[in-house]
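Here is the structure we will look at.
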Amino acid sequence: MVTNIQKILVTGGAGFIGSNLVDALLLSGHSVRIADNFSTGFRRFFQTNENNPAFEILDINLVEEDSCHQAVEGCDVVYHLAANADVRFGWQHPLRDTQQNLVVTQNLLEACRKQGIRKFIFSSTGSVYGRAKQIPTSEDCPFPTQTSLYAASKLAAEGLISAYAEAGVVDATIFRFVSILGQRYTHGHVFDFVKQLLNDPSRLKVLGDGNQTKSYLHVNDCVVALVRASDSNSKLDIFNLGTNETVTVNQSIKIICNTLNCDPLIHYTGGAEGWVGDNPHIFLDTTAARATGWLPDKTISDSIRETVEWLVASDWVFLQRSE
């Protein structure tokens with residue numbers, strides 16, 4: 001429950017999770033500024049908010065220090081969601097994760113320090129657990145070798161945030177997500193499968209062997225946790241977010257095909273991993289988040305079906321994305 005009205009910055013606010021968060025914050029009465037370079041985000045996500053006087057858009061590149069100072073100026077809370085989230089093709093652009101995920105985080109933390117902004121909320125990832133030996137994986141599990149540049153940059157950013165929090169500069173909340181699904185979803189394997197099947201419902205290419213086990217969370221449930229965090233006064237909190245269930249890639253394909261009413265011939269590329277850095281078994285222990293009163297509402301099956309239905313109704317998004 002929101003107890004006070006604030007001026008809030010959402011970096012990456014034109015993206016999938018960010019735009020849903022913006023809607024929720026505006027609905028709660030907050031004043032919201034987004035900072036986004038629109039390299040992957042969409043302005044059309046804000047059509048209903050374009051004339052809202054409590055909403056502001058900054059089209060800027062946060063890799064630049066001055067842009068970060070401009071973005072945070074006058075804000076009470078910073079939600080840092082901007083990132084390069086392209087895990088699969090990380091090695092084609094090896095510096096991108098460091099620049100967009102780590103350097104930007106440092107720039108924002110420094111801007112907050114210099115301007116006296118206390119509350120910093122960060123979207124990290126369950127990928128930081130790599131090939132975890134502890135399943136379900138809790139926040140305090142031993143950290144394995146990192147399996148992707150994306151996860152390594154997110155974990156490094158977490159390290160910076162915890163240092164600023166320990167020094168008393170910010171009060172921080174870090175969320176480690178499983179993969180998120182729902183309206184405005186524009187990247188990931190469900191997106192890839194639906195795109196393939198809309199082009200040709202008779203065949204489907206699947207990276208790996210289809211037995212990879214994943215957990216997913218609906219974006220609405222994710223946003224509820226994010227909004228609740230703005231009222232926290234803790235020096236540093238780290239929470240996993242996910243559901244208490246998993247599905248294999250093959251099971252998710254069945255849900256997708258049932259929703260699209262198709263029965264394709266499936267071609268597997270083989271192997272336990274779909275690509276370098278793909279963790280074949282992700283299942284997070286969310287006990288800590290649930291202890292705060294947060295509970296997810298949607299099942300994984302519901303989330304997949306709703307995502308497919310949104311993609312079919314919003315097929316314009318396939319013209320904007322190429323893998």
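Lettering and numbering for the structure tokens are positional, with chains as A, B, ... in the shown order, residues counted from 1 in each chain, and ligands counted from 1 in the shown order.
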List every residue of stretch 35-79 of chain A that has an atom at most 10 Å from any atom of stretch 158-173 of chain A, giving for each one its closest atom pair and the distance in Å to one decimal, counting only C-alpha atoms, sorted by chain and then by ascending residue number, as JSON lines.
```
{"residue": "A:Val77", "atom": "CA", "partner": "A:Asp171", "partner_atom": "CA", "distance": 9.9}
{"residue": "A:Val78", "atom": "CA", "partner": "A:Ala172", "partner_atom": "CA", "distance": 9.6}
{"residue": "A:Tyr79", "atom": "CA", "partner": "A:Thr173", "partner_atom": "CA", "distance": 9.5}
```
Keeping N, CA and C atoms for every residue in the selection just given, could you write it to a file as an mmCIF file, in the first residue's frame?
```
data_model
loop_
_atom_site.group_PDB
_atom_site.id
_atom_site.type_symbol
_atom_site.label_atom_id
_atom_site.label_comp_id
_atom_site.auth_asym_id
_atom_site.auth_seq_id
_atom_site.Cartn_x
_atom_site.Cartn_y
_atom_site.Cartn_z
ATOM 1 N N VAL A 77 12.592 8.790 -5.486
ATOM 2 C CA VAL A 77 12.853 7.361 -5.639
ATOM 3 C C VAL A 77 13.374 7.104 -7.046
ATOM 4 N N VAL A 78 14.358 6.206 -7.155
ATOM 5 C CA VAL A 78 14.857 5.771 -8.466
ATOM 6 C C VAL A 78 14.589 4.281 -8.621
ATOM 7 N N TYR A 79 13.835 3.935 -9.658
ATOM 8 C CA TYR A 79 13.692 2.542 -10.087
ATOM 9 C C TYR A 79 14.609 2.359 -11.283
#
```
task: Write down as a PyMOL selection string the residues of stretch 25-184 of chain A whose backbone DSSP state falls under helix (DSSP H, G or I).
output: chain A and resi 25-27+43-46+65-72+90-92+96-115+126-129+149-166
statement: From atom CA of A:Arg305 to atom CA of A:Glu139 the spacing works out at 29.2 Å
query: To one decimal place, how far is atom CA of A:Val227 from atom CA of A:Leu25 in Å?
result: 7.0 Å
message: Would you pick out the contacts of A:Pro144 at 9 Å or less, using only C-alpha atoms, so that residues sharing its chain but fewer than 5 positions from it are not included, and give the list as a VMD selection string?
response: chain A and resid 128 to 133
Nearby residues (only C-alpha atoms) at most 8 Å from A:Thr269, same-chain spacing under 4 positions excluded, as a count of residues only: 6
